[in-house]
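Pasted below: my_file-v2.txt, compact mmCIF, C-alpha atoms.
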```
# COMPACT_ATOMS: atom_id res chain seq x y z
CA MET A 23 29.86 60.32 -63.61
CA ASP A 24 30.87 57.51 -65.97
CA PHE A 25 31.87 54.21 -64.33
CA ASN A 26 35.59 53.57 -64.86
CA GLY A 27 35.25 49.78 -64.63
CA LEU A 28 37.40 49.39 -61.50
CA GLY A 29 36.27 48.23 -58.08
CA THR A 30 33.55 45.97 -59.43
CA ASP A 31 31.15 44.05 -57.20
CA LEU A 32 27.62 42.67 -57.42
CA GLY A 33 26.28 46.16 -56.80
CA ASN A 34 27.81 47.69 -59.95
CA LEU A 35 28.58 44.71 -62.18
CA TYR A 36 25.74 45.63 -64.52
CA LYS A 37 27.24 49.05 -65.36
CA LEU A 38 28.82 49.73 -68.75
CA SER A 39 32.34 51.10 -68.89
CA ASP A 40 34.99 52.18 -71.40
CA ALA A 41 37.65 50.17 -69.53
CA LYS A 42 39.66 47.76 -71.69
CA THR A 43 40.14 44.25 -70.32
CA ARG A 44 43.55 42.70 -70.90
CA SER A 45 45.42 39.61 -69.68
CA ILE A 46 49.08 38.60 -69.59
CA SER A 47 50.18 34.97 -69.60
CA PRO A 48 52.86 32.86 -71.33
CA GLU A 49 50.43 32.74 -74.26
CA ASN A 50 50.43 36.56 -74.48
CA PHE A 51 53.45 38.08 -72.73
CA THR A 52 52.46 41.67 -73.55
CA GLY A 53 48.70 41.49 -73.02
CA LYS A 54 48.13 43.27 -76.32
CA LYS A 55 44.84 42.97 -78.15
CA GLY A 56 44.65 40.07 -80.61
CA LYS A 57 48.12 38.75 -79.70
CA GLY A 58 47.24 35.67 -77.64
CA GLY A 59 48.06 32.08 -78.62
CA MET A 60 50.54 33.06 -81.33
CA ALA A 61 53.64 31.27 -79.99
CA PHE A 62 55.82 29.17 -82.26
CA ASP A 63 57.81 27.77 -79.32
CA GLY A 64 57.33 27.14 -75.60
CA THR A 65 57.08 24.54 -72.86
CA GLY A 66 54.20 22.82 -74.69
CA ILE A 67 55.82 22.61 -78.11
CA ASN A 68 56.39 18.85 -77.96
CA ALA A 69 52.85 18.07 -76.79
CA ALA A 70 51.43 20.24 -79.59
CA ARG A 71 53.73 18.89 -82.30
CA ASP A 72 50.82 17.23 -84.16
CA LEU A 73 48.56 20.27 -83.87
CA GLY A 74 50.62 23.33 -84.69
CA ARG A 75 50.43 26.99 -83.83
CA GLY A 76 47.56 28.07 -81.61
CA TRP A 77 47.35 24.74 -79.72
CA LYS A 78 48.75 25.42 -76.24
CA ILE A 79 52.37 25.83 -77.23
CA SER A 80 53.36 28.24 -74.43
CA PRO A 81 51.39 27.54 -71.23
CA SER A 82 54.26 28.21 -68.78
CA ILE A 83 57.80 29.50 -68.34
CA LYS A 84 60.98 27.98 -66.96
CA ILE A 85 63.19 30.19 -64.81
CA GLY A 86 66.79 29.13 -64.21
CA PRO A 87 68.72 29.46 -60.94
CA GLY A 88 69.30 33.09 -60.03
CA GLU A 89 67.27 34.38 -62.96
CA THR A 90 64.62 37.10 -62.88
CA PHE A 91 61.71 36.95 -65.31
CA LEU A 92 59.57 39.94 -66.30
CA LEU A 93 55.99 38.76 -65.81
CA ALA A 94 54.27 42.02 -66.75
CA ASP A 95 55.22 45.42 -68.19
CA ILE A 96 52.09 47.54 -68.53
CA GLU A 97 51.58 51.17 -69.48
CA GLY A 98 48.83 52.84 -67.47
CA PRO A 99 46.52 54.09 -66.32
CA GLY A 100 44.83 50.94 -65.14
CA ALA A 101 44.61 48.36 -62.38
CA ILE A 102 45.58 44.76 -61.74
CA GLN A 103 42.35 42.92 -60.90
CA HIS A 104 43.40 39.28 -60.52
CA ILE A 105 46.59 37.23 -60.42
CA TRP A 106 46.57 33.42 -60.80
CA MET A 107 49.83 31.55 -60.37
CA THR A 108 51.32 28.16 -59.56
CA VAL A 109 55.03 27.46 -59.16
CA THR A 110 57.20 24.39 -58.65
CA GLY A 111 59.88 23.95 -56.01
CA GLN A 112 60.04 25.69 -52.64
CA TRP A 113 57.56 28.55 -52.68
CA ARG A 114 59.89 30.68 -50.55
CA PHE A 115 62.51 30.50 -53.31
CA SER A 116 60.36 32.38 -55.85
CA ILE A 117 60.35 36.09 -55.05
CA LEU A 118 57.54 38.27 -56.41
CA ARG A 119 58.16 41.99 -56.87
CA ILE A 120 55.86 44.75 -58.14
CA TYR A 121 57.00 48.25 -59.13
CA TRP A 122 54.60 51.18 -59.62
CA ASP A 123 54.98 54.22 -61.87
CA ASP A 124 58.64 53.68 -62.78
CA GLN A 125 59.93 53.52 -59.20
CA ASP A 126 63.33 51.83 -58.88
CA ILE A 127 62.35 50.07 -55.65
CA PRO A 128 59.49 47.58 -55.33
CA SER A 129 56.26 48.26 -53.49
CA VAL A 130 55.67 44.50 -53.25
CA GLU A 131 58.54 42.16 -52.36
CA CYS A 132 57.56 38.75 -51.06
CA PRO A 133 58.08 35.02 -51.52
CA VAL A 134 55.26 33.69 -53.66
CA GLY A 135 53.79 31.30 -51.11
CA ASP A 136 53.63 33.87 -48.33
CA PHE A 137 52.13 36.50 -50.64
CA PHE A 138 49.25 34.10 -51.29
CA ALA A 139 48.94 33.25 -47.56
CA CYS A 140 50.64 29.83 -47.84
CA GLY A 141 53.97 30.22 -46.08
CA TRP A 142 54.76 26.62 -45.15
CA ASN A 143 55.23 25.22 -48.66
CA LYS A 144 52.23 22.92 -48.17
CA TYR A 145 48.80 23.31 -49.73
CA ALA A 146 45.97 24.65 -47.58
CA GLN A 147 42.56 25.66 -48.90
CA ILE A 148 41.88 29.39 -48.52
CA SER A 149 38.49 30.83 -49.43
CA SER A 150 38.61 34.56 -48.76
CA LEU A 151 37.73 37.73 -50.64
CA ALA A 152 41.32 38.84 -51.17
CA VAL A 153 43.11 35.51 -51.64
CA CYS A 154 41.93 32.06 -52.71
CA VAL A 155 44.16 29.00 -52.76
CA ASN A 156 42.62 26.06 -54.56
CA PRO A 157 43.68 22.46 -55.30
CA GLY A 158 46.37 21.50 -55.96
CA SER A 159 48.57 24.65 -55.62
CA ALA A 160 46.57 27.36 -57.36
CA PHE A 161 47.32 30.81 -55.95
CA ASN A 162 44.74 33.53 -56.63
CA CYS A 163 44.94 37.19 -55.59
CA TYR A 164 42.02 39.63 -55.91
CA TRP A 165 43.58 42.74 -54.34
CA VAL A 166 42.80 45.65 -56.68
CA MET A 167 46.08 47.36 -57.63
CA PRO A 168 45.64 50.68 -59.47
CA PHE A 169 48.50 52.47 -61.18
CA ARG A 170 48.72 55.70 -63.14
CA LYS A 171 51.80 55.47 -65.34
CA HIS A 172 53.29 52.02 -65.28
CA CYS A 173 53.23 48.57 -63.69
CA ARG A 174 56.15 46.15 -63.71
CA ILE A 175 55.95 42.68 -62.13
CA THR A 176 58.93 40.32 -61.82
CA ILE A 177 59.63 36.91 -60.30
CA THR A 178 63.11 35.79 -59.23
CA ASN A 179 64.22 32.19 -58.74
CA ILE A 180 66.75 32.10 -55.89
CA ASP A 181 66.89 28.29 -55.90
CA GLU A 182 69.72 26.21 -57.34
CA GLU A 183 67.29 24.38 -59.63
CA ASP A 184 64.92 25.46 -62.39
CA THR A 185 61.38 26.41 -61.45
CA MET A 186 58.30 26.22 -63.63
CA VAL A 187 55.76 29.04 -63.40
CA TYR A 188 52.23 29.07 -64.76
CA TYR A 189 50.52 32.45 -64.42
CA GLN A 190 47.82 34.79 -65.65
CA ILE A 191 47.60 38.48 -64.75
CA ASP A 192 44.21 40.05 -65.49
CA TYR A 193 43.94 43.84 -65.59
CA ALA A 194 41.92 46.75 -66.90
CA LEU A 195 43.16 49.82 -68.73
CA ALA A 196 41.03 52.63 -67.34
CA ASP A 197 41.07 56.06 -65.74
CA VAL A 198 42.33 55.96 -62.15
CA PRO A 199 40.75 58.41 -59.66
CA ASP A 200 42.99 61.01 -58.04
CA ASP A 201 42.39 59.56 -54.57
CA SER A 202 43.63 56.07 -55.50
CA ALA A 203 46.55 54.72 -53.46
CA TYR A 204 49.10 52.08 -54.46
CA PHE A 205 49.14 48.49 -53.22
CA HIS A 206 52.08 47.39 -51.06
CA ALA A 207 53.12 44.08 -49.48
CA GLN A 208 56.19 43.41 -47.35
CA PHE A 209 57.58 40.09 -46.07
CA ARG A 210 59.55 39.57 -42.87
CA ARG A 211 60.86 36.54 -40.98
CA VAL A 212 62.62 36.12 -37.64
CA ASN A 213 63.79 32.66 -36.54
CA PRO A 214 64.02 32.46 -33.62
CA LEU A 215 62.51 35.59 -32.12
CA PRO A 216 64.95 36.88 -29.47
CA TYR A 217 63.81 36.45 -25.88
CA LYS A 218 61.50 39.24 -24.65
CA GLN A 219 61.43 40.97 -28.04
CA VAL A 220 58.24 41.76 -29.91
CA TYR A 221 57.86 40.72 -33.54
CA THR A 222 57.72 43.58 -36.05
CA ILE A 223 55.21 43.03 -38.86
CA LEU A 224 55.77 46.44 -40.47
CA ASP A 225 57.86 49.52 -39.77
CA GLY A 226 59.26 52.53 -41.58
CA VAL A 227 56.12 53.33 -43.58
CA ALA A 228 55.92 57.01 -44.51
CA GLY A 229 52.95 58.56 -46.27
CA LYS A 230 49.17 58.45 -46.22
CA GLY A 231 47.23 55.26 -46.65
CA GLN A 232 45.45 52.33 -45.06
CA TYR A 233 46.58 48.97 -43.70
CA VAL A 234 44.46 46.20 -45.20
CA GLY A 235 45.80 42.81 -44.17
CA THR A 236 48.15 40.52 -42.28
CA TYR A 237 49.36 37.01 -43.07
CA MET A 238 51.46 35.05 -40.59
CA ALA A 239 53.29 31.72 -40.79
CA TRP A 240 53.91 30.97 -37.11
CA GLY A 241 56.00 28.02 -35.96
CA VAL A 242 56.10 27.45 -32.20
CA ASN A 243 59.26 26.24 -30.49
CA ASN A 244 57.58 25.40 -27.17
CA THR A 245 54.75 23.15 -26.12
CA GLY A 246 51.48 24.62 -24.93
CA TRP A 247 49.47 27.61 -26.08
CA TRP A 248 51.37 30.30 -27.92
CA GLY A 249 48.89 33.08 -28.78
CA GLU A 250 48.54 35.36 -25.75
CA GLY A 251 50.42 38.19 -27.45
CA GLU A 252 48.80 41.48 -28.46
CA ILE A 253 49.01 43.18 -31.85
CA LYS A 254 49.69 46.92 -31.80
CA PHE A 255 49.33 49.63 -34.45
CA TYR A 256 51.48 52.72 -33.94
CA MET A 257 50.38 55.49 -36.28
CA ASP A 258 50.97 59.17 -37.01
CA GLY A 259 53.65 59.87 -34.42
CA ASP A 260 52.84 57.21 -31.79
CA LYS A 261 55.99 56.38 -29.82
CA GLU A 262 55.87 54.22 -26.69
CA PHE A 263 52.17 53.40 -26.79
CA PRO A 264 49.99 52.57 -29.81
CA THR A 265 46.63 53.94 -30.87
CA ILE A 266 45.24 50.44 -31.52
CA CYS A 267 46.04 47.54 -29.21
CA GLY A 268 44.56 44.07 -29.56
CA THR A 269 43.79 41.59 -26.77
CA GLY A 270 45.39 38.38 -28.05
CA THR A 271 46.70 36.68 -31.16
CA GLU A 272 43.68 34.46 -31.84
CA ASP A 273 41.44 37.45 -31.09
CA TYR A 274 43.12 39.51 -33.80
CA PHE A 275 42.64 36.69 -36.30
CA CYS A 276 38.94 36.68 -35.36
CA GLY A 277 39.02 33.43 -33.37
CA SER A 278 38.75 32.74 -29.64
CA TYR A 279 39.99 30.47 -26.88
CA ASN A 280 43.01 28.97 -28.62
CA PHE A 281 41.02 28.14 -31.78
CA ASP A 282 40.02 25.12 -29.71
CA VAL A 283 36.76 23.19 -30.04
CA GLY A 284 36.53 20.44 -27.46
CA LYS A 285 40.15 19.27 -27.72
CA GLU A 286 39.41 17.00 -30.68
CA ASN A 287 41.69 16.84 -33.71
CA GLY A 288 44.71 18.07 -31.82
CA GLY A 289 42.92 20.90 -30.05
CA TYR A 290 42.82 23.28 -33.03
CA ARG A 291 40.06 23.83 -35.57
CA GLU A 292 41.10 25.18 -38.96
CA PHE A 293 38.75 27.65 -40.67
CA THR A 294 38.73 29.88 -43.73
CA THR A 295 36.29 32.79 -44.14
CA LEU A 296 35.96 35.93 -46.25
CA TYR A 297 37.99 38.10 -43.89
CA SER A 298 40.02 35.85 -41.59
CA GLY A 299 41.22 32.31 -41.12
CA LEU A 300 43.39 29.73 -39.45
CA ALA A 301 43.85 28.02 -42.78
CA GLN A 302 46.48 25.49 -41.81
CA VAL A 303 47.76 23.65 -38.72
CA ILE A 304 50.74 21.37 -39.32
CA ARG A 305 50.78 19.01 -36.35
CA PRO A 306 53.78 17.16 -34.92
CA ASP A 307 54.14 13.48 -35.79
CA GLY A 308 56.04 12.61 -32.63
CA LEU A 309 59.36 12.03 -34.40
CA TYR A 310 61.16 14.66 -36.50
CA SER A 311 58.30 17.13 -37.01
CA SER A 312 58.44 18.46 -33.48
CA GLN A 313 56.99 21.95 -33.91
CA THR A 314 53.36 22.80 -34.59
CA ARG A 315 53.01 25.33 -37.40
CA PHE A 316 50.14 27.70 -38.06
CA SER A 317 49.02 29.71 -41.08
CA LEU A 318 46.76 32.68 -40.31
CA TYR A 319 45.29 35.61 -42.23
CA ARG A 320 43.28 38.70 -41.35
CA TRP A 321 42.00 41.07 -44.06
CA HIS A 322 40.96 44.59 -43.03
CA ILE A 323 38.60 44.95 -45.99
CA THR A 324 35.62 46.40 -44.12
CA ASP A 325 37.78 47.91 -41.36
CA PRO A 326 40.97 49.35 -42.94
CA ILE A 327 43.39 50.99 -40.52
CA ARG A 328 43.99 54.47 -41.88
CA PHE A 329 47.11 56.53 -41.25
CA ASN A 330 48.17 60.00 -42.42
CA GLN A 331 51.93 60.10 -41.82
CA ASP A 332 53.48 56.84 -40.66
CA LEU A 333 52.71 53.32 -39.46
CA ARG A 334 54.37 50.59 -37.40
CA VAL A 335 52.78 47.22 -36.58
CA THR A 336 54.06 44.75 -33.97
CA ILE A 337 52.81 41.58 -32.28
CA GLN A 338 53.92 39.92 -29.05
CA ALA A 339 54.73 36.21 -28.85
CA LEU A 340 53.50 34.96 -25.49
CA GLY A 341 52.78 31.57 -23.99
CA TRP A 342 52.46 30.37 -20.40
CA ARG A 343 54.99 29.39 -17.75
CA SER A 344 54.77 28.28 -14.13
CA GLY A 345 52.82 30.32 -11.63
CA GLY A 346 50.31 31.54 -14.20
CA ARG A 347 52.88 33.88 -15.77
CA TYR A 348 53.36 34.81 -19.41
CA LEU A 349 56.30 33.18 -21.22
CA PRO A 350 57.98 35.33 -23.91
CA LEU A 351 58.39 32.90 -26.79
CA GLN A 352 61.31 32.41 -29.17
CA ASP A 353 59.34 31.22 -32.17
CA ASP A 354 59.84 31.04 -35.93
CA ILE A 355 57.61 33.84 -37.20
CA ALA A 356 57.14 35.11 -40.74
CA SER A 357 54.61 37.64 -41.95
CA VAL A 358 53.30 39.65 -44.86
CA ALA A 359 51.84 43.11 -44.30
CA TYR A 360 49.45 44.44 -46.96
CA TRP A 361 48.61 48.12 -47.28
CA TYR A 362 47.80 50.96 -49.68
CA GLN A 363 49.59 54.30 -49.63
CA ASP A 364 50.68 57.19 -51.80
CA LEU A 365 54.12 57.20 -53.41
CA PRO A 366 57.06 57.21 -53.02
CA THR A 367 57.63 53.84 -51.38
CA VAL A 368 60.21 53.80 -48.60
CA PRO A 369 62.86 51.12 -49.28
CA PHE A 370 62.12 47.82 -47.53
CA PRO A 371 64.56 45.95 -45.29
CA SER A 372 66.66 43.50 -47.28
CA LEU A 373 65.10 40.09 -47.77
CA PRO A 374 66.78 37.25 -45.87
CA ASP A 375 69.05 35.02 -47.92
CA LYS A 376 68.01 31.64 -49.30
CA ASP A 377 69.14 29.61 -46.28
CA TYR A 378 67.30 31.89 -43.85
CA LEU A 379 64.13 31.74 -45.97
CA GLU A 380 64.12 27.96 -46.33
CA ILE A 381 61.37 25.89 -44.72
CA ILE A 382 62.81 22.82 -42.99
```

Re-express the file's structure as structure tokens.
Amino acid sequence: MDFNGLGTDLGNLYKLSDAKTRSISPENFTGKKGKGGMAFDGTGINAARDLGRGWKISPSIKIGPGETFLLADIEGPGAIQHIWMTVTGQWRFSILRIYWDDQDIPSVECPVGDFFACGWNKYAQISSLAVCVNPGSAFNCYWVMPFRKHCRITITNIDEEDTMVYYQIDYALADVPDDSAYFHAQFRRVNPLPYKQVYTILDGVAGKGQYVGTYMAWGVNNTGWWGEGEIKFYMDGDKEFPTICGTGTEDYFCGSYNFDVGKENGGYREFTTLYSGLAQVIRPDGLYSSQTRFSLYRWHITDPIRFNQDLRVTIQALGWRSGGRYLPLQDDIASVAYWYQDLPTVPFPSLPDKDYLEII
């Protein structure tokens, strides 16, 4: 069977393919062959005034308040293979949406920072297989996103000021196998979590697919340890009790014992690996920054959680209180769930408004 050019790795990188490589950026908005670097106008026009056409005239875009910009409009079949992006302003105020095969509702709807596992609007190095965040605010996504008919990607500025966006979307036009599912990502935030309620990472999924990742931006509103809660995966008709139940928050994110190594450096040790990480700990300064904030990711790349009909994912927020008892926490918790499934996509819950999204 001929190699279609998708799903490349070191084990098949040497194989020839009839896939066509394309890339969309402000220097080639359509990705068409031989149409890059042709701009007469753009955000770099003044800097290139002595050089002329072809000399970095359109390296970025400016999006006004309340405006939506069409980043990509691609006829399939094919697959997104890499997205690089950097944006100005609050990262929660730029909303990324991806639509597959002419659906009216998005399969990806997420603030830009959270989508790239940086929910606190502050840079943190991430070195993983699926997402890399590099100095100074370079977001990179390597999730493979196949589509059969059409791909549409938009970004919306919900801020009251302009935002600048630099981006490049690399993709291949190629045959897509019949068993290929569609990439999905959904954002949620609850602040504060109501007392004795579990946090819902994902709910309402209908179809067949596999869950492939979790990102969480977790801000604690108490002192002490906060990660005793269990993650639970309810699938294919599970009601009161799940099929998969974790043993603790740091356990799920592939750490142990409070992510603590000898109490130095505030008692937490940041780490970033191929499949999991505690990429960021924002520590209190003793004055106004009173809450510790954590940025965590877990990619189910080698261990996807497969479902045939439906899926719901929750996590408990538990600390400690007197008498050695668990304390149900009322924390500021945001998350992104990543999964693949067949279409159609079930409509997502409405995104919170700008004030509820804001990081203070």

Counting all atoms listed in the file, which of A:Asp192, A:Asp63, A:Asp273, A:Asp72 gets nearest to Asn162 (chain A)? A:Asp192

The distance between CA of Ala194 (chain A) and CA of Phe169 (chain A) is 10.4 Å

Measuring between all atoms listed in the file, which one of A:Ser116, A:Gln147, A:Thr108, A:Gln338 shows the shortest distance to Phe161 (chain A)?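 Selected residue with least distance to Phe161 (chain A): A:Thr108.
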
Between A:Ile381, A:Met107, A:Leu349, A:Ile191, which residue has the minimum interatomic distance to Arg315 (chain A), considering all atoms listed in the file?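 Of the candidates, the smallest distance to Arg315 (chain A) is held by A:Ile381.
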
Figure out the distance between CA of Trp240 (chain A) and CA of Phe137 (chain A), please, to one decimal in Å.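 Computing the Euclidean distance for CA of Phe137 (chain A) and CA of Trp240 (chain A) yields 14.7 Å.
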
Between CA of Cys276 (chain A) and CA of Tyr145 (chain A), what is the spacing in Å?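 These two atoms are separated by 22.0 Å.
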
Nearby residues (all atoms listed in the file) at most 10 Å from Val166 (chain A), same-chain spacing under 6 positions excluded, as JSON, numbers by chain: {"A": [28, 29, 30, 101, 102, 103, 104, 105, 152, 193, 204, 205]}

List as a PDB file with C-alpha atoms, in the coordinates of the input the protein and nucleic acid residues near region 370-378 of chain A, meaning an atom at most 8 Å away when only C-alpha atoms are counted, but skip any in the same chain fewer than 5 places from it.
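File written: selection-v7.pdb
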```pdb
ATOM      1  CA  PHE A 115      62.510  30.500 -53.310  1.00  0.00           C
ATOM      2  CA  ILE A 180      66.750  32.100 -55.890  1.00  0.00           C
ATOM      3  CA  ASP A 181      66.890  28.290 -55.900  1.00  0.00           C
ATOM      4  CA  GLN A 208      56.190  43.410 -47.350  1.00  0.00           C
ATOM      5  CA  PHE A 209      57.580  40.090 -46.070  1.00  0.00           C
ATOM      6  CA  ARG A 210      59.550  39.570 -42.870  1.00  0.00           C
ATOM      7  CA  ARG A 211      60.860  36.540 -40.980  1.00  0.00           C
TER       8      ARG A 211
END
```

Counting all atoms listed in the file, which residue out of A:Glu183, A:Leu73, A:Asp364, A:Asn26 sits closest to Gly88 (chain A)?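 Of all the options, A:Glu183 lies closest to Gly88 (chain A).
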
Do you know which residues lie at most 8 Å from (53.4, 49.5, -35.9), with coordinates as in the file and all atoms listed in the file counted, and could you write them as a ChimeraX atom specification? /A:222-225,254-257,264,333-336

May I have the residues from that selection written out with C-alpha atoms, as a compact mmCIF listing (two decimals), keeping the file's coordinate frame?
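The new file part-v9.txt reads:
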```txt
# COMPACT_ATOMS: atom_id res chain seq x y z
CA THR A 222 57.72 43.58 -36.05
CA ILE A 223 55.21 43.03 -38.86
CA LEU A 224 55.77 46.44 -40.47
CA ASP A 225 57.86 49.52 -39.77
CA LYS A 254 49.69 46.92 -31.80
CA PHE A 255 49.33 49.63 -34.45
CA TYR A 256 51.48 52.72 -33.94
CA MET A 257 50.38 55.49 -36.28
CA PRO A 264 49.99 52.57 -29.81
CA LEU A 333 52.71 53.32 -39.46
CA ARG A 334 54.37 50.59 -37.40
CA VAL A 335 52.78 47.22 -36.58
CA THR A 336 54.06 44.75 -33.97
```

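The residue that comes closest to Trp342 (chain A), out of A:Pro306, A:Gly111, A:Pro168, A:Gly251 and on the basis of only C-alpha atoms, is A:Gly251.
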
Using all atoms listed in the file, pick whichever of A:Pro326, A:Asn156, A:Glu182, A:Ser150 has the shortest atom-to-atom distance to Ser298 (chain A).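 Ranked by minimum distance to Ser298 (chain A), first place goes to A:Ser150.
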
Just the residues within 12 Å of Asn68 (chain A), please, counting all atoms listed in the file, with nothing from its chain fewer than 4 positions along; format it as a CSV table (one decimal) with C-alpha atoms, keeping the file's coordinate frame.
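The resulting file, out.csv, is reproduced below:
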```csv
chain,number,residue,atom,x,y,z
A,62,PHE,CA,55.8,29.2,-82.3
A,63,ASP,CA,57.8,27.8,-79.3
A,64,GLY,CA,57.3,27.1,-75.6
A,72,ASP,CA,50.8,17.2,-84.2
A,73,LEU,CA,48.6,20.3,-83.9
A,74,GLY,CA,50.6,23.3,-84.7
A,75,ARG,CA,50.4,27.0,-83.8
A,77,TRP,CA,47.4,24.7,-79.7
A,78,LYS,CA,48.8,25.4,-76.2
A,79,ILE,CA,52.4,25.8,-77.2
A,80,SER,CA,53.4,28.2,-74.4
```

Counting only C-alpha atoms, which residues come within 10 Å of (59.8, 42.6, -54.7), with the point read in the file's coordinates, and could you list them as a short mmCIF file (atom, residue, chain, number, x, y, z; two decimals) with C-alpha atoms, in the coordinates of the input?
```cif
data_model
loop_
_atom_site.label_atom_id
_atom_site.label_comp_id
_atom_site.auth_asym_id
_atom_site.auth_seq_id
_atom_site.Cartn_x
_atom_site.Cartn_y
_atom_site.Cartn_z
CA ILE A 117 60.35 36.09 -55.05
CA LEU A 118 57.54 38.27 -56.41
CA ARG A 119 58.16 41.99 -56.87
CA ILE A 120 55.86 44.75 -58.14
CA TYR A 121 57.00 48.25 -59.13
CA ILE A 127 62.35 50.07 -55.65
CA PRO A 128 59.49 47.58 -55.33
CA SER A 129 56.26 48.26 -53.49
CA VAL A 130 55.67 44.50 -53.25
CA GLU A 131 58.54 42.16 -52.36
CA CYS A 132 57.56 38.75 -51.06
CA PRO A 133 58.08 35.02 -51.52
CA ILE A 175 55.95 42.68 -62.13
CA THR A 176 58.93 40.32 -61.82
CA ILE A 177 59.63 36.91 -60.30
CA THR A 178 63.11 35.79 -59.23
CA HIS A 206 52.08 47.39 -51.06
CA ALA A 207 53.12 44.08 -49.48
CA GLN A 208 56.19 43.41 -47.35
CA PHE A 209 57.58 40.09 -46.07
CA PHE A 370 62.12 47.82 -47.53
CA LEU A 373 65.10 40.09 -47.77
#
```

List the spatial neighbours of Ile323 (chain A) as a count of residues only - criterion: any atom at most 8 Å away, all atoms listed in the file, same-chain residues fewer than 2 positions off excluded. 6

Since the input is missing atoms, can you rebuild N, CA and C atoms for region 349-363 of chain A and write them as a short mmCIF file (atom, residue, chain, number, x, y, z; two decimals), in the coordinates of the input?
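Result written to part.cif:
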```
data_model
loop_
_atom_site.label_atom_id
_atom_site.label_comp_id
_atom_site.auth_asym_id
_atom_site.auth_seq_id
_atom_site.Cartn_x
_atom_site.Cartn_y
_atom_site.Cartn_z
N LEU A 349 54.97 33.60 -20.76
CA LEU A 349 56.30 33.18 -21.22
C LEU A 349 56.60 33.87 -22.54
N PRO A 350 57.58 34.77 -22.61
CA PRO A 350 57.98 35.33 -23.91
C PRO A 350 58.59 34.23 -24.78
N LEU A 351 58.01 34.02 -25.94
CA LEU A 351 58.39 32.90 -26.79
C LEU A 351 59.50 33.27 -27.76
N GLN A 352 60.24 32.25 -28.19
CA GLN A 352 61.31 32.41 -29.17
C GLN A 352 60.96 31.56 -30.39
N ASP A 353 59.94 32.00 -31.10
CA ASP A 353 59.34 31.22 -32.17
C ASP A 353 59.89 31.61 -33.54
N ASP A 354 59.56 30.77 -34.51
CA ASP A 354 59.84 31.04 -35.93
C ASP A 354 58.62 31.75 -36.50
N ILE A 355 58.76 33.04 -36.77
CA ILE A 355 57.61 33.84 -37.20
C ILE A 355 57.94 34.54 -38.52
N ALA A 356 57.06 34.37 -39.48
CA ALA A 356 57.14 35.11 -40.74
C ALA A 356 55.80 35.79 -40.98
N SER A 357 55.84 36.88 -41.74
CA SER A 357 54.61 37.64 -41.95
C SER A 357 54.65 38.37 -43.28
N VAL A 358 53.46 38.72 -43.75
CA VAL A 358 53.30 39.65 -44.86
C VAL A 358 52.32 40.72 -44.41
N ALA A 359 52.72 41.97 -44.55
CA ALA A 359 51.84 43.11 -44.30
C ALA A 359 51.36 43.63 -45.65
N TYR A 360 50.06 43.92 -45.74
CA TYR A 360 49.45 44.44 -46.96
C TYR A 360 48.85 45.81 -46.66
N TRP A 361 49.17 46.79 -47.50
CA TRP A 361 48.61 48.12 -47.28
C TRP A 361 48.61 48.91 -48.58
N TYR A 362 47.82 49.99 -48.59
CA TYR A 362 47.80 50.96 -49.68
C TYR A 362 48.36 52.28 -49.16
N GLN A 363 49.11 52.98 -50.00
CA GLN A 363 49.59 54.30 -49.63
C GLN A 363 49.95 55.08 -50.89
#
```
